[in-house]
Every structure is written in C-alpha cells, then in structure tokens.
Amino acid sequence: MQKVAIVTGASKGIGRQIAKTLAMQEIKVIANYNKSEQQAKELKQELQDKGFDIDIVQADVSTKQGVEKLVNYTIEKYRKVDILVNNAGIAKPGLIIDVTDEDWQELINTNLYSAFAMSREVAKSMINSKCGLIINISSIWGEVGASMEVVYSITKAGLDALTKSLAKELGPSNIRVNSISPGIINTNMNSNLTNEELAEIKDEIPLEKIGEPEDISKCVKWLIEDNYTTGQVISINGGWNI
C-alpha cells in the first residue's frame, strides 16, 4: 500500500526538496505551505511534468486551527499518515536586546509549536496503526547555539528534545522519531550571507563546502527505508561541529 507523507513548509528550500524526493519514491506527499502559494503550485507542476503528483495544502501550522486543517485533510482523504516531516521554520537574526515578545512568539509557534502540535495530531493515527515515522528538521544551532540567533537556537534545541522524548513514548507503538540537524545549507534562509561570510564558513568546515537541500532529503529517504533508528539527532553539516 502506498505510503502517505505530510511535509510542512514544503514550498521552498529543504522542504521543497524533501517533497520532491519522496514523491519520486512513489510516496503520496501532502505538501504544506502557508503564504507561498505560487511556489507550491510550481512545485506541483514540476512534479506533474515528471509523471508524479502531490497534494498542496495551505495551512498555517503555527496555529492549532492550521494543524487540524492539514491533518484532517490528510486523514479524510487517505485514511492515514505514515510519515510526518516537521520542516516549517523561520529565522529572525538579531541581538537579544532587540528581540520583541512578538518575535519570540512567532518563532516559538512556527518552529516548535507546529512540530509539537503536528506530532500530537498524527500520533493518534499512527498509534492506531502501530506504525509511523516522524522526522523533525532541526539545526546545528540547536546543538551548539548561535550568536544573534538566540530564539531560533532555542526552538531547534526544543525540537531535538521533542524528538528524544517522543521516541521513548511512541517506540512501543512502533513509531520512530528522529531529528535531522543541518549545518549551513544552500537555501533562501541563508541568502543574507555575503560571499565573504560564506567563504569564512567554508574555511571552518572540514569538507570545505556548504550543504545542498538534497543532502537532507537523502537522509529523509534513508530514515524511511530504515526500521531501527529512533531518538537520534543526525548532524549533516560537513563536519562543522567536530
């Protein structure tokens, strides 16, 4: 039976590549987006041109209503969720003294609450079927912290804690939960970095290069094929934090 996967934040960057990789593995993908409707439509068309099809669903997963909309759509149409990739995330670099309460809440809701709430909703279906996989897209900053990215780092560290806790809780139901922790990846989120800054970062990385979205999507594909890995934070960063 065809597997069903939800990918949040799937219209751009890492999420977009994950959605493409899974769709080309004959997995039914529900690609979530919030504001990037045009990019989501382009993703759907790109895959249709290659002979694959996905569902694109608008939902703000930083809210309870958006989470319920996305999960209910999937369950009502496909009767199950086999795979959840919690990828939705935003960044707002800046000094802690400039972080507003509104900034804090937006980052917490988008990066951390969304993963918690999505996991809570899909777990109901996964527990009933005694099978499932949840993958949280974390960050190297959740492991080591980042100057000028305090709240972002907090949310990503929270994702790793969520991963380990859920792995213990849901393991007896044959549900695996893992984090993928990217380093610097070639996406729009890092487009603010200058060429000089990128060169400095590359000098710090043993492999002397930044990552590509495909590096993350390949790990997602492997975790789907695997059946004995859970509770892990898998660092994909070229050796940056050795």
# chains A, B, ... in the order shown; residues from 1 in each chain; ligands from 1
call {"tool": "closest_atom_pairs", "arguments": {"of": "stretch 133-230 of chain A", "to": "stretch 91-95 of chain A", "cutoff": "8 Å", "atoms": "only C-alpha atoms", "output": "CSV"}}
result
residue,atom,partner,partner_atom,distance
A:Ser147,CA,A:Leu95,CA,8.0
A:Met148,CA,A:Gly94,CA,4.7
A:Glu149,CA,A:Pro93,CA,5.1
A:Tyr152,CA,A:Ala91,CA,6.1
A:Met189,CA,A:Ala91,CA,7.4
call {"tool": "residues_around", "arguments": {"residues": "A:Ala23", "least_positions_apart": "3", "cutoff": "9 Å", "atoms": "only C-alpha atoms", "output": "mmCIF file with C-alpha atoms, in the first residue's frame"}}
result
data_model
loop_
_atom_site.group_PDB
_atom_site.id
_atom_site.type_symbol
_atom_site.label_atom_id
_atom_site.label_comp_id
_atom_site.auth_asym_id
_atom_site.auth_seq_id
_atom_site.Cartn_x
_atom_site.Cartn_y
_atom_site.Cartn_z
ATOM 1 C CA ILE A 18 12.128 16.601 0.588
ATOM 2 C CA ALA A 19 8.697 16.716 -1.047
ATOM 3 C CA LYS A 20 10.250 16.109 -4.468
ATOM 4 C CA GLU A 26 6.071 6.835 -5.212
ATOM 5 C CA ILE A 27 5.036 8.178 -1.794
ATOM 6 C CA LYS A 28 1.830 10.221 -1.697
ATOM 7 C CA VAL A 29 3.012 13.641 -0.499
ATOM 8 C CA LEU A 47 6.431 17.036 -10.405
ATOM 9 C CA PHE A 52 4.381 12.387 -10.277
ATOM 10 C CA ASP A 53 1.619 14.089 -8.350
ATOM 11 C CA ILE A 54 1.338 15.680 -4.927
#
call {"tool": "select_by_dssp", "arguments": {"residues": "stretch 127-217 of chain A", "states": "strand (DSSP E)", "output": "PyMOL selection string"}}
result
chain A and resi 132-137+175-182
call {"tool": "select_by_dssp", "arguments": {"residues": "stretch 56-235 of chain A", "states": "helix (DSSP H, G or I)", "output": "JSON, numbers by chain"}}
result
{"A": [64, 65, 66, 67, 68, 69, 70, 71, 72, 73, 74, 75, 76, 77, 78, 96, 97, 98, 101, 102, 103, 104, 105, 106, 107, 108, 109, 110, 111, 112, 113, 114, 115, 116, 117, 118, 119, 120, 121, 122, 123, 124, 125, 126, 127, 128, 129, 140, 141, 142, 143, 144, 150, 151, 152, 153, 154, 155, 156, 157, 158, 159, 160, 161, 162, 163, 164, 165, 166, 167, 168, 169, 170, 171, 172, 173, 188, 189, 190, 195, 196, 197, 198, 199, 200, 201, 202, 203, 204, 213, 214, 215, 216, 217, 218, 219, 220, 221, 222, 223, 224, 225]}
call {"tool": "residues_around", "arguments": {"residues": "stretch 115-119 of chain A", "least_positions_apart": "4", "cutoff": "7 Å", "atoms": "only C-alpha atoms", "output": "PyMOL selection string"}}
result
chain A and resi 67+86+111+123
